[in-house]
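Colleague: Data: entry18.cif, mmCIF, C-alpha atoms.
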```
data_my_file
loop_
_atom_site.label_atom_id
_atom_site.label_comp_id
_atom_site.auth_asym_id
_atom_site.auth_seq_id
_atom_site.Cartn_x
_atom_site.Cartn_y
_atom_site.Cartn_z
CA ASP A 1323 13.31 58.26 -10.95
CA ALA A 1324 15.22 59.08 -14.15
CA MET A 1325 18.17 56.81 -13.36
CA HIS A 1326 15.86 53.90 -12.61
CA THR A 1327 14.05 54.52 -15.88
CA ARG A 1328 17.29 54.57 -17.87
CA ARG A 1329 18.36 51.29 -16.29
CA GLN A 1330 15.02 49.76 -17.25
CA PHE A 1331 15.49 50.98 -20.84
CA THR A 1332 18.99 49.53 -20.99
CA ALA A 1333 17.84 46.16 -19.70
CA LEU A 1334 14.83 46.08 -22.00
CA SER A 1335 16.89 47.11 -25.03
CA ALA A 1336 19.36 44.31 -24.35
CA ALA A 1337 16.51 41.81 -24.04
CA LEU A 1338 14.91 43.01 -27.27
CA LEU A 1339 18.19 42.81 -29.16
CA ALA A 1340 18.83 39.29 -27.90
CA SER A 1341 15.33 38.26 -28.89
CA ALA A 1342 15.59 39.82 -32.34
CA CYS A 1343 18.89 38.10 -33.06
CA ALA A 1344 17.70 34.67 -31.95
CA PRO A 1345 16.75 32.19 -34.68
CA LEU A 1346 13.05 31.61 -35.38
CA ALA A 1347 11.74 29.08 -32.90
CA THR A 1348 11.28 25.55 -34.10
CA ARG A 1349 8.43 23.37 -32.91
CA SER A 1350 8.02 19.72 -32.28
CA SER A 1351 5.28 18.08 -34.31
CA ARG A 1352 1.81 18.57 -32.92
CA HIS A 1353 -1.68 17.97 -34.23
CA ARG A 1354 -3.73 20.99 -35.20
CA ASP A 1355 -6.57 20.11 -32.81
CA GLN A 1356 -4.24 20.86 -29.92
CA LEU A 1357 -4.45 24.54 -30.82
CA GLY A 1358 -8.14 24.49 -29.91
CA LEU A 1359 -9.07 27.15 -32.45
CA VAL A 1360 -12.74 27.77 -33.14
CA PRO A 1361 -13.73 29.34 -36.49
CA VAL A 1362 -15.53 32.66 -36.48
CA ARG A 1363 -19.15 32.34 -37.61
CA VAL A 1364 -19.17 34.83 -40.46
CA SER A 1365 -22.49 35.73 -42.08
CA ALA A 1366 -24.34 38.89 -43.00
CA ASP A 1367 -27.06 38.24 -40.41
CA ARG A 1368 -24.44 38.30 -37.63
CA ILE A 1369 -23.29 41.86 -38.44
CA ILE A 1370 -24.37 44.21 -35.67
CA ARG A 1371 -22.77 47.38 -37.02
CA THR A 1372 -20.17 48.88 -39.35
CA ASP A 1373 -17.51 51.11 -37.78
CA VAL A 1374 -15.65 53.76 -39.77
CA GLY A 1375 -12.82 55.84 -38.36
CA LEU A 1376 -10.16 58.24 -39.62
CA ARG A 1377 -6.57 57.63 -38.57
CA PRO A 1378 -4.52 60.84 -38.13
CA TYR A 1379 -1.54 60.00 -40.33
CA ARG A 1380 1.58 62.11 -40.90
CA ARG A 1381 4.08 60.73 -43.40
CA SER A 1382 6.92 62.29 -41.39
CA GLY A 1383 5.60 60.70 -38.17
CA PHE A 1384 3.81 61.82 -35.05
CA VAL A 1385 4.57 65.15 -33.38
CA VAL A 1386 5.82 65.44 -29.82
CA SER A 1387 7.15 68.96 -29.45
CA ARG A 1388 7.07 72.11 -27.33
CA GLU A 1389 5.92 75.51 -28.51
CA ALA A 1390 5.38 78.90 -26.86
CA ARG A 1391 2.22 80.67 -28.04
CA GLY A 1392 1.37 83.89 -26.30
CA SER A 1393 1.06 83.20 -22.59
CA LYS A 1394 0.71 79.45 -23.11
CA THR A 1395 3.21 76.64 -23.29
CA LEU A 1396 1.86 74.19 -25.88
CA ILE A 1397 3.02 70.58 -25.90
CA HIS A 1398 1.97 68.80 -29.09
CA ASN A 1399 1.26 65.07 -29.01
CA TYR A 1400 -0.64 64.03 -32.13
CA GLY A 1401 -0.48 62.42 -35.57
CA HIS A 1402 -0.02 58.75 -34.60
CA GLY A 1403 -1.57 57.24 -37.73
CA GLY A 1404 -2.64 53.66 -37.07
CA GLY A 1405 -0.63 53.49 -33.84
CA GLY A 1406 -2.57 55.86 -31.59
CA VAL A 1407 -3.66 53.37 -28.95
CA THR A 1408 -0.41 51.42 -29.24
CA LEU A 1409 1.94 54.38 -28.76
CA SER A 1410 -0.28 56.45 -26.47
CA TRP A 1411 1.52 55.85 -23.16
CA GLY A 1412 4.94 56.25 -24.75
CA THR A 1413 4.31 59.59 -26.41
CA ALA A 1414 2.41 60.71 -23.30
CA MET A 1415 5.55 60.20 -21.23
CA LEU A 1416 7.72 61.98 -23.79
CA ALA A 1417 5.24 64.87 -23.87
CA ALA A 1418 5.19 65.11 -20.07
CA ASP A 1419 9.00 65.18 -20.06
CA LEU A 1420 8.84 68.20 -22.40
CA GLY A 1421 6.10 70.14 -20.68
CA TYR A 1422 5.34 69.32 -17.08
CA SER A 1423 6.91 71.19 -14.20
CA SER A 1424 5.94 70.93 -10.54
CA ASP A 1425 6.20 74.73 -10.47
CA SER A 1426 3.07 74.89 -12.65
CA ARG A 1427 0.84 71.99 -11.66
CA ALA A 1428 -2.34 73.02 -13.51
CA CYS A 1429 -2.42 71.46 -16.97
CA ALA A 1430 -4.98 71.29 -19.76
CA VAL A 1431 -5.23 68.34 -22.14
CA LEU A 1432 -7.06 68.78 -25.45
CA GLY A 1433 -8.66 65.53 -26.57
CA CYS A 1434 -10.18 62.53 -24.80
CA GLY A 1435 -9.14 59.63 -27.00
CA ALA A 1436 -6.44 57.13 -26.12
CA VAL A 1437 -3.61 59.67 -26.49
CA GLY A 1438 -5.36 62.40 -24.49
CA LEU A 1439 -6.37 60.07 -21.66
CA ALA A 1440 -2.91 58.51 -21.40
CA THR A 1441 -1.33 61.97 -21.36
CA ALA A 1442 -3.72 63.12 -18.64
CA ARG A 1443 -2.97 60.04 -16.51
CA VAL A 1444 0.81 60.44 -16.88
CA LEU A 1445 0.51 64.06 -15.79
CA GLN A 1446 -1.59 63.05 -12.77
CA GLU A 1447 1.00 60.46 -11.80
CA ARG A 1448 3.61 63.21 -11.80
CA GLY A 1449 1.53 65.42 -9.52
CA ALA A 1450 -0.35 67.62 -11.97
CA LYS A 1451 -3.88 68.93 -11.58
CA VAL A 1452 -5.41 68.08 -14.95
CA ARG A 1453 -8.49 69.21 -16.83
CA ILE A 1454 -9.42 67.57 -20.16
CA TYR A 1455 -11.19 69.63 -22.82
CA ALA A 1456 -12.75 67.63 -25.66
CA ARG A 1457 -15.48 67.87 -28.25
CA ASP A 1458 -16.09 64.10 -28.21
CA LEU A 1459 -15.83 61.67 -25.32
CA PRO A 1460 -15.73 57.87 -25.35
CA PRO A 1461 -17.55 56.00 -26.80
CA HIS A 1462 -17.63 58.61 -29.59
CA THR A 1463 -13.91 58.85 -30.33
CA THR A 1464 -11.77 57.35 -33.09
CA SER A 1465 -9.99 55.29 -30.43
CA ASN A 1466 -13.23 53.46 -29.64
CA VAL A 1467 -13.48 51.97 -33.12
CA ALA A 1468 -9.81 51.01 -33.33
CA GLY A 1469 -9.02 47.31 -33.54
CA ALA A 1470 -6.26 48.18 -31.08
CA GLN A 1471 -3.96 45.24 -31.33
CA TRP A 1472 -0.72 46.42 -29.73
CA TRP A 1473 1.54 47.07 -32.67
CA PRO A 1474 2.54 50.38 -34.29
CA VAL A 1475 1.07 50.13 -37.80
CA ALA A 1476 1.04 52.85 -40.49
CA VAL A 1477 2.69 55.40 -38.20
CA PHE A 1478 5.08 57.05 -40.70
CA GLY A 1479 6.57 56.79 -44.18
CA ARG A 1480 9.84 54.88 -44.29
CA ASP A 1481 11.28 57.32 -46.81
CA GLN A 1482 10.86 60.25 -44.41
CA GLN A 1483 12.18 58.78 -41.18
CA THR A 1484 14.92 60.98 -39.68
CA PRO A 1485 17.42 59.81 -37.02
CA ALA A 1486 15.79 62.14 -34.48
CA PHE A 1487 12.32 60.76 -35.16
CA GLU A 1488 13.59 57.18 -35.15
CA GLN A 1489 15.04 57.70 -31.67
CA GLN A 1490 11.78 59.24 -30.47
CA TYR A 1491 9.74 56.47 -32.07
CA HIS A 1492 11.69 53.64 -30.46
CA ALA A 1493 11.63 55.37 -27.07
CA ALA A 1494 7.85 55.78 -27.30
CA THR A 1495 7.44 52.16 -28.38
CA ARG A 1496 9.44 50.83 -25.42
CA LEU A 1497 7.62 52.98 -22.91
CA ALA A 1498 4.20 52.14 -24.31
CA PHE A 1499 4.87 48.41 -24.40
CA GLU A 1500 6.00 48.40 -20.78
CA ARG A 1501 2.88 50.23 -19.65
CA PHE A 1502 0.43 48.07 -21.59
CA ARG A 1503 2.21 44.95 -20.38
CA ASP A 1504 1.71 46.17 -16.81
CA LEU A 1505 -1.97 47.00 -17.48
CA ALA A 1506 -2.76 43.48 -18.75
CA GLY A 1507 -5.84 42.14 -17.02
CA PRO A 1508 -9.64 42.38 -17.04
CA HIS A 1509 -9.95 45.86 -15.48
CA HIS A 1510 -8.38 47.68 -18.42
CA GLY A 1511 -9.37 45.10 -21.04
CA VAL A 1512 -5.76 44.37 -22.05
CA ARG A 1513 -5.00 40.71 -22.78
CA TRP A 1514 -2.28 38.63 -24.38
CA ARG A 1515 -3.59 36.93 -27.52
CA SER A 1516 -2.18 34.50 -30.05
CA ASN A 1517 -1.85 35.92 -33.56
CA PHE A 1518 -1.88 33.80 -36.68
CA VAL A 1519 -0.54 35.31 -39.91
CA LEU A 1520 -1.83 33.53 -43.03
CA SER A 1521 -0.17 33.88 -46.40
CA ARG A 1522 0.08 32.32 -49.84
CA ALA A 1523 3.79 33.23 -49.94
CA PRO A 1524 6.60 32.63 -47.40
CA ILE A 1525 6.28 35.01 -44.45
CA ARG A 1526 9.44 37.08 -44.10
CA VAL A 1527 8.63 40.43 -42.44
CA MET A 1528 5.62 39.78 -40.22
CA PRO A 1529 5.40 41.06 -37.60
CA ALA A 1530 8.79 42.70 -38.32
CA ALA A 1531 11.87 42.12 -40.46
CA PRO A 1532 14.51 39.61 -39.29
CA GLY A 1533 16.87 41.24 -36.82
CA SER A 1534 14.48 44.07 -35.95
CA PRO A 1535 14.29 44.98 -32.25
CA MET A 1536 10.51 45.05 -32.72
CA LEU A 1537 10.52 41.25 -32.65
CA GLY A 1538 11.18 41.51 -28.93
CA TYR A 1539 7.59 42.70 -28.54
CA ALA A 1540 6.23 39.55 -30.23
CA PRO A 1541 7.02 36.54 -28.03
CA ASP A 1542 6.34 32.91 -28.99
CA LEU A 1543 7.19 33.53 -32.62
CA TYR A 1544 7.26 30.39 -34.76
CA ASP A 1545 6.05 29.00 -38.08
CA LEU A 1546 3.53 26.19 -38.34
CA ALA A 1547 3.65 23.32 -40.82
CA PRO A 1548 0.41 22.65 -42.77
CA GLU A 1549 -0.48 19.64 -40.61
CA GLU A 1550 -0.09 21.72 -37.45
CA HIS A 1551 -2.83 24.27 -38.10
CA PRO A 1552 -6.42 24.30 -39.40
CA PHE A 1553 -6.21 27.32 -41.71
CA PRO A 1554 -6.62 27.32 -45.52
CA ALA A 1555 -3.14 28.74 -46.08
CA ARG A 1556 0.21 27.31 -47.12
CA TYR A 1557 2.20 29.51 -44.74
CA VAL A 1558 1.17 30.31 -41.16
CA ARG A 1559 3.14 32.13 -38.48
CA HIS A 1560 2.28 32.43 -34.81
CA TYR A 1561 3.26 35.10 -32.29
CA ARG A 1562 1.66 36.75 -29.29
CA THR A 1563 0.75 40.38 -28.75
CA LEU A 1564 -1.43 42.42 -26.45
CA LEU A 1565 -4.97 43.13 -27.59
CA VAL A 1566 -6.64 46.23 -26.18
CA ASP A 1567 -10.43 45.99 -25.85
CA SER A 1568 -10.97 49.65 -26.70
CA PRO A 1569 -14.41 50.29 -25.16
CA LEU A 1570 -13.45 48.65 -21.85
CA TYR A 1571 -10.04 50.28 -21.86
CA LEU A 1572 -11.23 53.83 -22.49
CA ARG A 1573 -13.97 53.56 -19.86
CA ALA A 1574 -11.41 52.32 -17.34
CA LEU A 1575 -9.02 55.18 -18.15
CA MET A 1576 -11.80 57.74 -17.73
CA ASP A 1577 -12.68 56.21 -14.36
CA ASP A 1578 -9.01 56.23 -13.32
CA PHE A 1579 -8.70 59.87 -14.39
CA ARG A 1580 -11.79 61.02 -12.49
CA GLN A 1581 -10.93 59.05 -9.38
CA ALA A 1582 -7.56 60.80 -9.31
CA GLY A 1583 -9.33 64.16 -9.22
CA GLY A 1584 -9.43 64.96 -12.93
CA GLU A 1585 -12.16 67.03 -14.58
CA ILE A 1586 -13.56 66.68 -18.10
CA VAL A 1587 -15.10 69.66 -19.92
CA VAL A 1588 -16.98 69.12 -23.19
CA ARG A 1589 -15.82 71.92 -25.46
CA ASP A 1590 -14.79 72.44 -29.06
CA PHE A 1591 -12.12 74.92 -30.13
CA ALA A 1592 -12.50 76.86 -33.36
CA ASP A 1593 -9.04 78.41 -33.23
CA VAL A 1594 -5.93 78.89 -31.13
CA ALA A 1595 -7.25 82.18 -29.76
CA GLN A 1596 -9.87 80.24 -27.81
CA ILE A 1597 -7.16 78.02 -26.33
CA ASN A 1598 -5.41 81.15 -25.07
CA THR A 1599 -8.43 81.88 -22.86
CA LEU A 1600 -8.01 78.69 -20.82
CA PRO A 1601 -7.00 79.16 -17.18
CA GLU A 1602 -4.17 76.62 -17.44
CA SER A 1603 -0.84 77.94 -18.65
CA THR A 1604 0.41 74.56 -19.94
CA VAL A 1605 -1.70 72.92 -22.65
CA PHE A 1606 -1.14 69.44 -24.11
CA ASN A 1607 -2.51 69.17 -27.63
CA CYS A 1608 -3.81 65.63 -28.20
CA THR A 1609 -6.42 66.53 -30.81
CA GLY A 1610 -5.40 63.94 -33.40
CA LEU A 1611 -6.79 64.74 -36.82
CA GLY A 1612 -8.23 67.99 -35.42
CA ALA A 1613 -4.71 69.40 -35.16
CA ALA A 1614 -4.65 69.80 -38.96
CA ALA A 1615 -7.07 72.74 -38.86
CA LEU A 1616 -6.47 73.94 -35.31
CA PHE A 1617 -2.69 74.26 -35.71
CA ASP A 1618 -2.38 74.55 -39.50
CA ASP A 1619 -0.62 71.22 -39.96
CA ASP A 1620 -0.80 70.54 -43.69
CA GLY A 1621 1.22 67.35 -43.23
CA MET A 1622 -1.79 65.54 -41.76
CA THR A 1623 -3.63 63.01 -43.92
CA PRO A 1624 -6.77 61.10 -42.90
CA VAL A 1625 -6.57 57.35 -43.46
CA ARG A 1626 -10.00 55.81 -43.51
CA GLY A 1627 -10.54 52.45 -41.82
CA GLN A 1628 -13.70 50.36 -41.98
CA LEU A 1629 -14.61 47.41 -39.77
CA LEU A 1630 -17.53 45.00 -39.71
CA VAL A 1631 -18.54 44.03 -36.18
CA LEU A 1632 -20.14 40.62 -35.72
CA GLN A 1633 -22.06 39.40 -32.69
CA PRO A 1634 -19.67 38.46 -29.85
CA GLN A 1635 -18.28 34.93 -29.92
CA ALA A 1636 -16.74 34.11 -26.55
CA ASP A 1637 -14.96 30.95 -27.74
CA VAL A 1638 -12.81 32.89 -30.23
CA ASN A 1639 -9.65 33.78 -28.30
CA TYR A 1640 -7.09 34.50 -31.03
CA CYS A 1641 -6.34 37.17 -33.64
CA LEU A 1642 -5.83 36.58 -37.34
CA LEU A 1643 -4.11 38.53 -40.14
CA ALA A 1644 -4.29 37.39 -43.75
CA ASP A 1645 -3.56 38.46 -47.32
CA ARG A 1646 -5.32 41.50 -48.83
CA GLY A 1647 -5.39 43.25 -45.48
CA LEU A 1648 -7.97 40.96 -43.90
CA HIS A 1649 -7.79 40.77 -40.11
CA MET A 1650 -9.93 39.58 -37.21
CA TYR A 1651 -9.81 40.72 -33.58
CA PRO A 1652 -12.14 39.42 -30.84
CA ARG A 1653 -13.52 42.04 -28.45
CA SER A 1654 -16.09 41.89 -25.67
CA ASP A 1655 -18.58 43.89 -27.76
CA GLY A 1656 -18.14 41.83 -30.92
CA ILE A 1657 -15.81 40.23 -33.43
CA LEU A 1658 -14.03 42.88 -35.51
CA LEU A 1659 -13.39 42.12 -39.18
CA GLY A 1660 -11.18 44.44 -41.22
CA GLY A 1661 -10.00 46.09 -43.05
CA THR A 1662 -9.17 49.05 -45.13
CA HIS A 1663 -6.47 51.75 -45.33
CA ASP A 1664 -7.85 54.44 -47.62
CA TYR A 1665 -5.28 57.26 -47.66
CA GLY A 1666 -6.79 60.71 -48.08
CA ALA A 1667 -10.40 59.51 -47.70
CA SER A 1668 -12.35 61.50 -45.12
CA SER A 1669 -15.93 60.24 -45.40
CA LEU A 1670 -17.35 58.45 -42.36
CA GLU A 1671 -20.08 56.81 -44.44
CA PRO A 1672 -19.70 53.01 -44.73
CA ASP A 1673 -18.51 51.81 -48.12
CA ARG A 1674 -20.74 48.95 -49.30
CA ALA A 1675 -18.12 47.54 -51.66
CA ALA A 1676 -15.53 47.44 -48.85
CA SER A 1677 -18.04 45.74 -46.54
CA ALA A 1678 -18.80 43.12 -49.18
CA ARG A 1679 -15.08 42.44 -49.74
CA ILE A 1680 -14.37 42.14 -46.00
CA LEU A 1681 -17.36 39.84 -45.45
CA ALA A 1682 -16.63 37.57 -48.44
CA GLY A 1683 -12.93 37.35 -47.61
CA HIS A 1684 -13.54 36.26 -44.04
CA GLN A 1685 -16.34 33.90 -45.02
CA ALA A 1686 -14.00 32.05 -47.36
CA LEU A 1687 -11.21 32.04 -44.83
CA PHE A 1688 -13.16 30.63 -41.89
CA ALA A 1689 -15.25 28.26 -44.01
CA GLY A 1690 -11.95 26.74 -45.13
CA MET A 1691 -10.75 25.95 -41.58
CA ARG A 1692 -10.27 22.22 -41.14
CA ALA A 1693 -11.73 20.34 -38.22
#
```
So, in terms of structure tokens, how does the structure I just supplied come out?
Modeller:
Amino acid sequence: DAMHTRRQFTALSAALLASACAPLATRSSRHRDQLGLVPVRVSADRIIRTDVGLRPYRRSGFVVSREARGSKTLIHNYGHGGGGVTLSWGTAMLAADLGYSSDSRACAVLGCGAVGLATARVLQERGAKVRIYARDLPPHTTSNVAGAQWWPVAVFGRDQQTPAFEQQYHAATRLAFERFRDLAGPHHGVRWRSNFVLSRAPIRVMPAAPGSPMLGYAPDLYDLAPEEHPFPARYVRHYRTLLVDSPLYLRALMDDFRQAGGEIVVRDFADVAQINTLPESTVFNCTGLGAAALFDDDGMTPVRGQLLVLQPQADVNYCLLADRGLHMYPRSDGILLGGTHDYGASSLEPDRAASARILAGHQALFAGMRA
């Protein structure tokens, strides 16, 4: 109930604050071979595909709001930037708070990516009868190509953050973290993974600035001395986060949705007038980048991301983030190497120069790992 939820928030907030204010953990000396880290085998002949996706970025932040349009109640839930998978359950709960009433159980959800599916599942949990309308279904959504490490990245511009949005953002982050933590396991493809941040300069704000409550979402945070790790970097930091195996996760959510009685209709909407013809009176807009044209949101900017996917390597069980935006995430369908953040770029064609930079950067990095 609401009171129970508020108590959970209070307890979690206190725990996060205590964690954020604690000094960085110190470690007793250990040899690097105790980490058991295996280098990724990076070569052009191991590339199985190149994934390109467009993040739906709004400099002022995502939209969770209620609007009356004709006979419909519209609940907007879109514009998550690089944090769509990460924040999906949190903004889904905020959207359901704004728009769901047991007096009107029939709800429509527009979009079948991570945000749409989470919103549909939250509504089902509250007793709604839900139908999803979407042009594209997994595995053909932007969410499928997301690296999907749990962390809200490139969600908003710091210079445009208002107190109201900041409150909404932190509420969504707490709610989403709790849900993903509870989903951890093989069924949904959500697993705790060690992260190693590599840098030529001292690491000060990764994964968050000192004192930030966000540090409470990154347990086991500590720095490693050069003799304690195998990486070709002067500064290395370790912490743990949840990694979401997007293809497994989205398939599981679709199964969960259908087993709970949900229906999925493949349909594209050219304009709002077509939405007004839906039988459901309450409509949750989770169209991501599509909301720019559908709802005339000129604050939306595509941010192009490109990933190289190598053949799977089961013995790689950690994530890595390095200088120049390089990062590596292991998934069941392959090893993901990134990355790019091209603001305003909307082409889905792979960029050969970006691929070459990503490949060469990771080759040098993993070739330099010490035995």
Colleague: Using only C-alpha atoms, which of A:Ala1540, A:Leu1396, A:Ala1440, A:Leu1376 sits nearest Asp1578 in chain A?
Modeller: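 Looking only at the distances to Asp1578 in chain A, the closest residue turns out to be A:Ala1440.
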Colleague: Between A:Gly1656, A:Ala1494, A:Val1477, A:Gly1358, which is the closest to Asp1419 in chain A once you count only C-alpha atoms?
Modeller: A:Ala1494
Colleague: From (2.1, 65.0, -13.3), in the file's coordinates, out to 9 Å: which residues are reached, counting all atoms listed in the file? Answer as a compact mmCIF listing (two decimals) with C-alpha atoms, in the frame of the given file.
Modeller:
```txt
# COMPACT_ATOMS: atom_id res chain seq x y z
CA ALA A 1418 5.19 65.11 -20.07
CA TYR A 1422 5.34 69.32 -17.08
CA SER A 1423 6.91 71.19 -14.20
CA SER A 1424 5.94 70.93 -10.54
CA ARG A 1427 0.84 71.99 -11.66
CA CYS A 1429 -2.42 71.46 -16.97
CA ALA A 1442 -3.72 63.12 -18.64
CA ARG A 1443 -2.97 60.04 -16.51
CA VAL A 1444 0.81 60.44 -16.88
CA LEU A 1445 0.51 64.06 -15.79
CA GLN A 1446 -1.59 63.05 -12.77
CA GLU A 1447 1.00 60.46 -11.80
CA ARG A 1448 3.61 63.21 -11.80
CA GLY A 1449 1.53 65.42 -9.52
CA ALA A 1450 -0.35 67.62 -11.97
CA LYS A 1451 -3.88 68.93 -11.58
CA VAL A 1452 -5.41 68.08 -14.95
```
Colleague: Fewer than 4 positions away in the same chain doesn't count, so skip those; otherwise give me all residues within 7 Å of Val1512 in chain A, counting only C-alpha atoms, as a VMD selection string.
Modeller: chain A and resid 1505 to 1508 1564 to 1567
Colleague: For the selection you just gave me, I'd like the residues written to a file as a PDB file, in the frame of the given file, keeping C-alpha atoms.
Modeller:
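File produced: out.pdb:
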```
ATOM      1  CA  LEU A1505      -1.970  47.000 -17.480  1.00  0.00           C
ATOM      2  CA  ALA A1506      -2.760  43.480 -18.750  1.00  0.00           C
ATOM      3  CA  GLY A1507      -5.840  42.140 -17.020  1.00  0.00           C
ATOM      4  CA  PRO A1508      -9.640  42.380 -17.040  1.00  0.00           C
ATOM      5  CA  LEU A1564      -1.430  42.420 -26.450  1.00  0.00           C
ATOM      6  CA  LEU A1565      -4.970  43.130 -27.590  1.00  0.00           C
ATOM      7  CA  VAL A1566      -6.640  46.230 -26.180  1.00  0.00           C
ATOM      8  CA  ASP A1567     -10.430  45.990 -25.850  1.00  0.00           C
TER       9      ASP A1567
END
```
Colleague: Out of A:Pro1624, A:Pro1524, A:Gly1435, A:Gly1421, which residue has the shortest atom-to-atom distance to Val1558 in chain A when counting all atoms listed in the file?
Modeller: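 Under the stated criterion, the closest residue is A:Pro1524.
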Colleague: Give me the residues near range 1598-1614 of chain A as a list in words, where near means some atom within 6 Å (using only C-alpha atoms) and where sequence neighbours in that chain fewer than 3 positions away do not count.
Modeller: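 The neighbour list is Pro1378, Lys1394, Thr1395, Leu1396, Ile1397, His1398, Asn1399, Tyr1400, Gly1401, Ala1428, Cys1429, Ala1430, Val1431, Leu1432, Gly1433, Gly1438, Ala1595, Phe1617, Asp1618, Asp1619 and Met1622 of chain A.
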Colleague: How would you write, as a PDB file with C-alpha atoms, in the coordinates of the input, the residues chosen by the PyMOL selection byres ((chain A and resi 1571) around 12) on this structure?
Modeller:
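And here's result.pdb as it stands now:
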```pdb
ATOM      1  CA  VAL A1407      -3.660  53.370 -28.950  1.00  0.00           C
ATOM      2  CA  GLY A1435      -9.140  59.630 -27.000  1.00  0.00           C
ATOM      3  CA  ALA A1436      -6.440  57.130 -26.120  1.00  0.00           C
ATOM      4  CA  LEU A1439      -6.370  60.070 -21.660  1.00  0.00           C
ATOM      5  CA  ALA A1440      -2.910  58.510 -21.400  1.00  0.00           C
ATOM      6  CA  PRO A1460     -15.730  57.870 -25.350  1.00  0.00           C
ATOM      7  CA  PRO A1461     -17.550  56.000 -26.800  1.00  0.00           C
ATOM      8  CA  SER A1465      -9.990  55.290 -30.430  1.00  0.00           C
ATOM      9  CA  ASN A1466     -13.230  53.460 -29.640  1.00  0.00           C
ATOM     10  CA  VAL A1467     -13.480  51.970 -33.120  1.00  0.00           C
ATOM     11  CA  ALA A1468      -9.810  51.010 -33.330  1.00  0.00           C
ATOM     12  CA  ALA A1470      -6.260  48.180 -31.080  1.00  0.00           C
ATOM     13  CA  PHE A1502       0.430  48.070 -21.590  1.00  0.00           C
ATOM     14  CA  LEU A1505      -1.970  47.000 -17.480  1.00  0.00           C
ATOM     15  CA  ALA A1506      -2.760  43.480 -18.750  1.00  0.00           C
ATOM     16  CA  GLY A1507      -5.840  42.140 -17.020  1.00  0.00           C
ATOM     17  CA  PRO A1508      -9.640  42.380 -17.040  1.00  0.00           C
ATOM     18  CA  HIS A1509      -9.950  45.860 -15.480  1.00  0.00           C
ATOM     19  CA  HIS A1510      -8.380  47.680 -18.420  1.00  0.00           C
ATOM     20  CA  GLY A1511      -9.370  45.100 -21.040  1.00  0.00           C
ATOM     21  CA  VAL A1512      -5.760  44.370 -22.050  1.00  0.00           C
ATOM     22  CA  ARG A1513      -5.000  40.710 -22.780  1.00  0.00           C
ATOM     23  CA  LEU A1565      -4.970  43.130 -27.590  1.00  0.00           C
ATOM     24  CA  VAL A1566      -6.640  46.230 -26.180  1.00  0.00           C
ATOM     25  CA  ASP A1567     -10.430  45.990 -25.850  1.00  0.00           C
ATOM     26  CA  SER A1568     -10.970  49.650 -26.700  1.00  0.00           C
ATOM     27  CA  PRO A1569     -14.410  50.290 -25.160  1.00  0.00           C
ATOM     28  CA  LEU A1570     -13.450  48.650 -21.850  1.00  0.00           C
ATOM     29  CA  LEU A1572     -11.230  53.830 -22.490  1.00  0.00           C
ATOM     30  CA  ARG A1573     -13.970  53.560 -19.860  1.00  0.00           C
ATOM     31  CA  ALA A1574     -11.410  52.320 -17.340  1.00  0.00           C
ATOM     32  CA  LEU A1575      -9.020  55.180 -18.150  1.00  0.00           C
ATOM     33  CA  MET A1576     -11.800  57.740 -17.730  1.00  0.00           C
ATOM     34  CA  ASP A1577     -12.680  56.210 -14.360  1.00  0.00           C
ATOM     35  CA  ASP A1578      -9.010  56.230 -13.320  1.00  0.00           C
ATOM     36  CA  ARG A1653     -13.520  42.040 -28.450  1.00  0.00           C
ATOM     37  CA  SER A1654     -16.090  41.890 -25.670  1.00  0.00           C
TER      38      SER A1654
END
```
Colleague: So, with all atoms listed in the file as the atoms that count, which of A:Leu1658, A:Leu1632, A:Ala1689, A:His1684 lies closest to Ile1369 in chain A?
Modeller: A:Leu1632
Colleague: Of the candidates A:Leu1630, A:Leu1543, A:Ala1667, A:Val1519, which one gets nearest to Leu1681 in chain A if we count all atoms listed in the file?
Modeller: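 Closest residue, counting all atoms listed in the file: A:Leu1630.
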Colleague: Please measure the separation of CA of Leu1537 in chain A and CA of Gly1412 in chain A, giving the value in Å to one decimal.
Modeller: 17.8 Å
Colleague: Measuring atom to atom with only C-alpha atoms, identify which of A:Ala1476, A:Ala1547, A:Val1360, A:Ala1682 is nearest to Tyr1665 in chain A.
Modeller: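 Checking each candidate against Tyr1665 in chain A, we get A:Ala1476 as the closest.
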Colleague: Quick one: distance from CA of Phe1478 in chain A to CA of Gln1490 in chain A in Å, one decimal?
Modeller: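 Spanning CA of Phe1478 in chain A to CA of Gln1490 in chain A is a straight-line distance of 12.4 Å.
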Colleague: Which polymer residues, protein or nucleic acid, are no farther than 12 Å from (-12.4, 26.7, -44.0), counting only C-alpha atoms, as a PyMOL selection string?
Modeller: chain A and resi 1360-1364+1551-1555+1683-1693
Colleague: Selection in question (the file shown): the PyMOL selection byres ((chain A and resi 1521) around 9). Which residues does it include, as a PyMOL selection string?
Modeller: chain A and resi 1519-1520+1522-1525+1555-1559+1643-1645
Colleague: What are the centre and edge lengths in Å, to one decimal, of the axis-aligned box around all listed atoms of range 1454-1468 of chain A with 3 Å added on each side, as JSON?
Modeller:
```
{"center_x": -13.5, "center_y": 60.3, "center_z": -26.7, "size_x": 14.2, "size_y": 24.6, "size_z": 19.2}
```
Colleague: Between CA of Arg1501 in chain A and CA of Trp1472 in chain A, measure the distance and give it in Å to one decimal.
Modeller: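 Separation between CA of Arg1501 in chain A and CA of Trp1472 in chain A: 11.4 Å.
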